[in-house]
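One structure is given here, and the rest of the page talks about it.
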Amino acid sequence: MIELADKLSARLAVYQKRLETPINIKVEGKLVRMIGLTLEAVGIQVPVGTRCKISTQDGGYEKAEVVGFSGNSLFLMATGDIHGISPGAKVIPTGQTASVKISDALLGRILDGEGEPIDGKGPILDSKKTTIIGRPINPLQRHPISEPLDVGVRSINSLFTVGRGQRMGLFAGSGVGKSVLLGMMTRFTEADVIVVGLIGERGREVKEFIENILGPEGLSRSVVVAVPADHSPLMRLNGAMVATRIAEYFRDKGQNILLLMDSLTRFCQAQRELALAIGEPPATKGYPPSVFAKLPKLVERAGNADKGEGSITAFYTVLTEGDDNQDPIADAARAILDGHIVLSRHIAESGQYPAVDIEQSISRVMPQITDEGQQMSITAFKQIYSTYQQNRDLISVGAYQEGSDPYIDESIEMIPQMQDFLRQGMNEKVTFNNSIDELGQLMTQTE
């Protein structure tokens, strides 16, 4: 009986070993072609997402990741520099996938697209490695957005109140104060941890954002993931997912997280570069379908967790090329986010900062997190502001006769005070309660 049990145990061990051993995997392949940033290898069969080492002429290795396949060929994209890689180079699968080391020691640190520190402060201590792909949350188990979040900006607090766990878009062209507004929210927002993803932006802006906008106080409770524009598309994609995974780690500990990602457009452009490189056909203005599939997978990872757990309130910047809010990425982002703040170039040129466009911005969760008094004040503010904007040309050229329309007269009288209300210095913090009180006091003048 014992001998039979030993035989069965031995057979089970062999069977288990076979299950754990990948089928049809060769230990080494070789490069046969390179087109642009895409490397084509034959002789190995590994899943998409697997990391590989590619030998170089100087005897070293460069890292790459499998991003697609066709027949017996694998398509890889290097995570770094491809100089020194030659035809016939060895391709060795590592059996690993993209991962990040996470721990509480990440606070105050600056990381690259692979989660490795670039601030010269040494390695991340007491960390554990985990995949950059987060776990999906059952939508029926998400805690609903039920309380407002104080972001320290008067116009957003009062007119576009943000809820804890909301995903907001910040739509802006270049040079209208987007980074400054992000910095204000980073310093002023009530959050346990702030995670900043600087994805695909100018390298010069990284240090400026950290030192001048974020500051030592903001950095002490933040984690910054910086992947400038000169990095490979793969690293820019990974950088956005690393930032999100770090935010998920702190959220799962029951903390309230503020995730700022600058920018969602660069993330989509990186996916476009990668998809076009492996042969995916473009669909909408040069963007392949995979771009619009990746976008919700990233955004949906933010938000509230189960009841009693933490939350991720996320702000994603969306670059509107040529100030076109109908850009495919802007249109897709607007559809899946919980609201959007639009920054106007015309308002910025007039000297009003933050240059929030009142008529085009919206927060979709406001009815759940604001009271009736605030909602009435917001409606009155928008009606008066919109009346002035619709008749601004007539007023500016003197074609409007005072007394012709009482609503226009009221808007002309109120617009200077409204503009003062919307204007705020970059180092000036206005709390949520003060924002609501100031809005109420302003609108009582119209009664």
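Quick note on naming: the chains in the structure tokens go A, B, ... in the order shown, residues restart at 1 in each chain, and ligands are numbered from 1 in order of appearance.
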
**Request:** Pull the strand (DSSP E or B) assignments for stretch 181-366 of chain A out of DSSP run on the backbone, and list those residues as a PyMOL selection string.
**Result:** chain A and resi 193-199+222-227+256-262+284+287+303-304+311-319+339-343+356+362-363

**Asked** Can you tell me, as a list in words, what residues are no more than 10 Å from A:Tyr287 when counting only C-alpha atoms, ignoring any on the same chain fewer than 3 positions away?
**Response**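 That gives Cys268, Gln269, Gln271, Arg272, Glu273, Ala275, Leu276, Glu280, Pro281, Pro282, Ala283, Thr284, Ser290, Val291, Phe292, Pro328 and Ile329 of chain A.
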
Those residues with N, CA, C and O atoms, as a JSON list (two decimals), in the first residue's frame please?
[["chain", "number", "residue", "atom", "x", "y", "z"],
["A", 268, "CYS", "N", -1.46, 57.68, -24.99],
["A", 268, "CYS", "CA", -2.13, 57.19, -26.20],
["A", 268, "CYS", "C", -1.20, 57.28, -27.42],
["A", 268, "CYS", "O", -1.21, 56.39, -28.29],
["A", 269, "GLN", "N", -0.40, 58.32, -27.49],
["A", 269, "GLN", "CA", 0.54, 58.44, -28.61],
["A", 269, "GLN", "C", 1.61, 57.36, -28.56],
["A", 269, "GLN", "O", 2.05, 56.86, -29.60],
["A", 271, "GLN", "N", 1.13, 54.31, -27.36],
["A", 271, "GLN", "CA", 0.47, 53.10, -27.84],
["A", 271, "GLN", "C", 0.29, 53.14, -29.35],
["A", 271, "GLN", "O", 0.41, 52.11, -30.02],
["A", 272, "ARG", "N", 0.05, 54.32, -29.90],
["A", 272, "ARG", "CA", -0.07, 54.44, -31.36],
["A", 272, "ARG", "C", 1.26, 54.11, -32.03],
["A", 272, "ARG", "O", 1.29, 53.37, -33.03],
["A", 273, "GLU", "N", 2.36, 54.63, -31.50],
["A", 273, "GLU", "CA", 3.68, 54.33, -32.07],
["A", 273, "GLU", "C", 3.95, 52.83, -32.05],
["A", 273, "GLU", "O", 4.44, 52.26, -33.02],
["A", 275, "ALA", "N", 1.74, 50.30, -31.79],
["A", 275, "ALA", "CA", 0.81, 49.54, -32.63],
["A", 275, "ALA", "C", 1.13, 49.68, -34.11],
["A", 275, "ALA", "O", 1.11, 48.69, -34.86],
["A", 276, "LEU", "N", 1.45, 50.89, -34.55],
["A", 276, "LEU", "CA", 1.80, 51.09, -35.96],
["A", 276, "LEU", "C", 3.10, 50.38, -36.31],
["A", 276, "LEU", "O", 3.27, 49.88, -37.43],
["A", 280, "GLU", "N", -0.29, 47.29, -37.02],
["A", 280, "GLU", "CA", -1.73, 47.49, -36.84],
["A", 280, "GLU", "C", -2.19, 48.67, -37.69],
["A", 280, "GLU", "O", -1.57, 49.74, -37.66],
["A", 281, "PRO", "N", -3.27, 48.52, -38.44],
["A", 281, "PRO", "CA", -3.70, 49.61, -39.34],
["A", 281, "PRO", "C", -4.31, 50.76, -38.56],
["A", 281, "PRO", "O", -5.00, 50.56, -37.56],
["A", 282, "PRO", "N", -4.07, 52.01, -39.00],
["A", 282, "PRO", "CA", -4.69, 53.16, -38.35],
["A", 282, "PRO", "C", -6.18, 53.20, -38.65],
["A", 282, "PRO", "O", -6.62, 52.76, -39.71],
["A", 283, "ALA", "N", -6.95, 53.77, -37.71],
["A", 283, "ALA", "CA", -8.40, 53.79, -37.88],
["A", 283, "ALA", "C", -8.95, 55.22, -37.83],
["A", 283, "ALA", "O", -9.57, 55.68, -38.78],
["A", 284, "THR", "N", -8.72, 55.94, -36.75],
["A", 284, "THR", "CA", -9.28, 57.27, -36.57],
["A", 284, "THR", "C", -8.17, 58.30, -36.51],
["A", 284, "THR", "O", -7.43, 58.37, -35.52],
["A", 290, "SER", "N", -6.37, 49.73, -31.03],
["A", 290, "SER", "CA", -5.84, 49.33, -29.73],
["A", 290, "SER", "C", -5.67, 50.51, -28.79],
["A", 290, "SER", "O", -5.69, 50.35, -27.56],
["A", 291, "VAL", "N", -5.50, 51.72, -29.34],
["A", 291, "VAL", "CA", -5.35, 52.91, -28.50],
["A", 291, "VAL", "C", -6.63, 53.13, -27.69],
["A", 291, "VAL", "O", -6.59, 53.38, -26.48],
["A", 292, "PHE", "N", -7.77, 53.01, -28.35],
["A", 292, "PHE", "CA", -9.04, 53.25, -27.69],
["A", 292, "PHE", "C", -9.46, 52.08, -26.81],
["A", 292, "PHE", "O", -10.37, 52.21, -26.00],
["A", 328, "PRO", "N", -9.46, 63.10, -31.48],
["A", 328, "PRO", "CA", -9.96, 61.76, -31.13],
["A", 328, "PRO", "C", -9.69, 61.34, -29.69],
["A", 328, "PRO", "O", -10.55, 60.74, -29.04],
["A", 329, "ILE", "N", -8.50, 61.65, -29.17],
["A", 329, "ILE", "CA", -8.18, 61.28, -27.80],
["A", 329, "ILE", "C", -9.00, 62.10, -26.82],
["A", 329, "ILE", "O", -9.53, 61.58, -25.83]]

**Residue nearest A:Ile246 - candidates A:Asp104, A:Glu349, A:Asp338, A:Asp192, atoms counted: only C-alpha atoms** =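 So, comparing all the options, the nearest one is A:Asp104.
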
**Message:** Please list as an MDAnalysis selection string every residue within 9 Å of stretch 383-386 of chain A, counting only C-alpha atoms and excluding residues in the same chain fewer than 4 positions away.
**Reply:** chainID A and resid 358:359 378:379 390:391 407:408 410:412 414:415 418

**Request:** Between A:Ala98, A:Val42, A:Val67, A:Met184, single out the one closest to A:Ile213, counting only C-alpha atoms.
**Result:**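 Of A:Ala98, A:Val42, A:Val67, A:Met184, the one nearest A:Ile213, counting only C-alpha atoms, is A:Met184.
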
**Asked** From the set A:Val356, A:Leu394, A:Val196, A:Ala333, which residue has the shortest atom-to-atom contact distance to A:Leu111, counting only C-alpha atoms?
**Response**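 Closest residue, counting only C-alpha atoms: A:Val196.
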
**Prompt:** Could you name the residues that touch A:Val206 at 12 Å or less, counting only C-alpha atoms, but leaving out those on the same chain fewer than 3 positions away, as a list in words?
**Reply:** Ile110, Leu111, Asp112, Ile118, Asp119, Ser179, Val196, Gly197, Leu198, Ile199, Gly200, Glu201, Arg202, Gly203, Phe209, Ile210, Glu211, Asn212, Ile213, Leu214, Val224, Val225, Ala226, Val227, Pro228, Ala229 and Asp262 of chain A

**Prompt:** What is the distance between atom CA of A:Tyr353 and atom CA of A:Val180, in Å to one decimal?
**Reply:**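 Distance between the two atoms: 9.4 Å.
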
**Message:** Using only C-alpha atoms, can you tell me which of A:Glu300, A:Glu217, A:Glu114, A:Glu372 comes closest to A:Ile336?
**Reply:**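 Closest candidate: A:Glu300.
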
**Request:** Quote the spacing between atom CA of A:Thr265 and atom CA of A:Leu298 in Å to one decimal place.
**Result:**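 Result for atom CA of A:Thr265 versus atom CA of A:Leu298: 12.3 Å, one decimal.
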
Which of stretch 187-229 of chain A DSSP labels helix (DSSP H, G or I), written as a CSV table (one decimal) with N, CA and C atoms, in the first residue's frame:
chain,number,residue,atom,x,y,z
A,187,ARG,N,-0.2,70.5,-4.1
A,187,ARG,CA,0.1,71.1,-2.8
A,187,ARG,C,-1.1,71.2,-1.9
A,188,PHE,N,-2.2,71.5,-2.5
A,188,PHE,CA,-3.4,71.9,-1.7
A,188,PHE,C,-4.4,70.8,-1.4
A,203,GLY,N,11.9,66.7,-20.9
A,203,GLY,CA,12.7,66.4,-19.8
A,203,GLY,C,13.0,67.6,-18.9
A,204,ARG,N,13.1,68.8,-19.5
A,204,ARG,CA,13.4,70.0,-18.7
A,204,ARG,C,12.3,70.2,-17.7
A,205,GLU,N,11.1,69.9,-18.0
A,205,GLU,CA,10.0,70.2,-17.1
A,205,GLU,C,9.9,69.3,-15.9
A,206,VAL,N,10.6,68.2,-15.9
A,206,VAL,CA,10.5,67.2,-14.8
A,206,VAL,C,11.1,67.9,-13.6
A,207,LYS,N,12.4,68.4,-13.7
A,207,LYS,CA,13.0,69.0,-12.5
A,207,LYS,C,12.3,70.2,-12.1
A,208,GLU,N,11.9,71.0,-13.1
A,208,GLU,CA,11.2,72.3,-12.7
A,208,GLU,C,9.9,72.0,-12.0
A,209,PHE,N,9.1,70.9,-12.4
A,209,PHE,CA,7.9,70.6,-11.7
A,209,PHE,C,8.2,70.1,-10.3
A,210,ILE,N,9.2,69.3,-10.1
A,210,ILE,CA,9.6,68.8,-8.8
A,210,ILE,C,10.0,69.9,-7.8
A,211,GLU,N,10.9,70.7,-8.3
A,211,GLU,CA,11.5,71.7,-7.4
A,211,GLU,C,10.7,73.0,-7.3
A,212,ASN,N,10.1,73.5,-8.4
A,212,ASN,CA,9.4,74.8,-8.3
A,212,ASN,C,7.9,74.7,-8.1
A,213,ILE,N,7.3,73.6,-8.6
A,213,ILE,CA,5.9,73.5,-8.5
A,213,ILE,C,5.5,72.6,-7.4
A,214,LEU,N,6.1,71.4,-7.3
A,214,LEU,CA,5.8,70.5,-6.2
A,214,LEU,C,6.4,70.9,-4.9
A,215,GLY,N,7.7,71.2,-4.9
A,215,GLY,CA,8.3,71.7,-3.7
A,215,GLY,C,8.6,70.6,-2.7
A,216,PRO,N,9.5,70.9,-1.7
A,216,PRO,CA,9.9,69.8,-0.7
A,216,PRO,C,8.7,69.3,0.1
A,217,GLU,N,7.8,70.2,0.4
A,217,GLU,CA,6.6,69.8,1.2
A,217,GLU,C,5.7,68.8,0.4
A,218,GLY,N,5.5,69.2,-0.9
A,218,GLY,CA,4.7,68.3,-1.7
A,218,GLY,C,5.3,67.0,-2.0
A,219,LEU,N,6.6,67.0,-2.2
A,219,LEU,CA,7.4,65.8,-2.6
A,219,LEU,C,7.4,64.8,-1.4
A,220,SER,N,7.4,65.3,-0.2
A,220,SER,CA,7.5,64.5,1.0
A,220,SER,C,6.3,63.5,1.1

**Message:** I'd like the contact shell of A:Gly134 - 8 Å cut-off, only C-alpha atoms, skipping same-chain residues fewer than 5 positions apart - returned as number ranges by chain.
**Reply:** A: 245, 248, 301

Any chance you can output those residues with N, CA, C and O atoms as a PDB file, in the first residue's frame?
ATOM      1  N   ARG A 245      -0.258  51.617 -10.721  1.00  0.00           N
ATOM      2  CA  ARG A 245      -0.088  50.470  -9.813  1.00  0.00           C
ATOM      3  C   ARG A 245       0.357  50.933  -8.424  1.00  0.00           C
ATOM      4  O   ARG A 245      -0.079  50.371  -7.405  1.00  0.00           O
ATOM      5  N   GLU A 248      -2.622  52.193  -6.682  1.00  0.00           N
ATOM      6  CA  GLU A 248      -3.458  51.076  -6.234  1.00  0.00           C
ATOM      7  C   GLU A 248      -2.910  50.452  -4.956  1.00  0.00           C
ATOM      8  O   GLU A 248      -3.683  50.038  -4.075  1.00  0.00           O
ATOM      9  N   ARG A 301      -8.893  51.789 -13.678  1.00  0.00           N
ATOM     10  CA  ARG A 301      -8.186  51.309 -12.490  1.00  0.00           C
ATOM     11  C   ARG A 301      -8.229  52.321 -11.353  1.00  0.00           C
ATOM     12  O   ARG A 301      -8.007  51.962 -10.190  1.00  0.00           O
TER      13      ARG A 301
END

**Message:** I'd like to know which of A:Gly88, A:Gly49, A:Gly173, A:Gly71 is closest to A:Thr131, using only C-alpha atoms.
**Reply:** A:Gly49

**Request:** State, in Å with one decimal place, the distance from atom CA of A:Thr94 to atom CA of A:Thr56.
**Result:**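 Straight-line distance from atom CA of A:Thr94 to atom CA of A:Thr56 works out to 16.2 Å.
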
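The closest residue to A:Phe421, picked from A:Ala270, A:Ile145, A:Met376, A:Ile436 and counting only C-alpha atoms, is A:Ile436.
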
**Request:** Please provide the set of residues having any atom within 7 Å of A:Glu28, restricted to only C-alpha atoms, with same-chain residues fewer than 6 positions apart removed, written as a PyMOL selection string.
**Result:** chain A and resi 43-44+90-92

**Item:** Residues near A:Gly440, cut-off 10 Å, only C-alpha atoms, skip fewer than 4 positions along chain, as a list in words
**Value:**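 Skipping anything fewer than 4 positions along the chain leaves Ser158, Gly373, Gln374, Met376, Ser377, Ile378, Phe381, Asn434, Ser435, Ile436, Thr444 and Gln445 of chain A.
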
For C-alpha atoms, I'd like the residues from the last selection saved as a PDB file, in the first residue's frame.
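Wrote result.pdb, looks like this:
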ATOM      1  CA  SER A 158     -17.258  75.763  -5.957  1.00  0.00           C
ATOM      2  CA  GLY A 373     -28.151  75.860  -2.104  1.00  0.00           C
ATOM      3  CA  GLN A 374     -24.802  75.380  -3.823  1.00  0.00           C
ATOM      4  CA  MET A 376     -28.723  77.067  -7.188  1.00  0.00           C
ATOM      5  CA  SER A 377     -25.714  79.377  -6.807  1.00  0.00           C
ATOM      6  CA  ILE A 378     -23.829  77.481  -9.526  1.00  0.00           C
ATOM      7  CA  PHE A 381     -23.404  82.004 -11.778  1.00  0.00           C
ATOM      8  CA  ASN A 434     -14.409  79.182   1.937  1.00  0.00           C
ATOM      9  CA  SER A 435     -14.994  78.575  -1.781  1.00  0.00           C
ATOM     10  CA  ILE A 436     -18.668  77.744  -1.179  1.00  0.00           C
ATOM     11  CA  THR A 444     -26.637  86.999  -3.095  1.00  0.00           C
ATOM     12  CA  GLN A 445     -25.804  90.332  -4.764  1.00  0.00           C
TER      13      GLN A 445
END
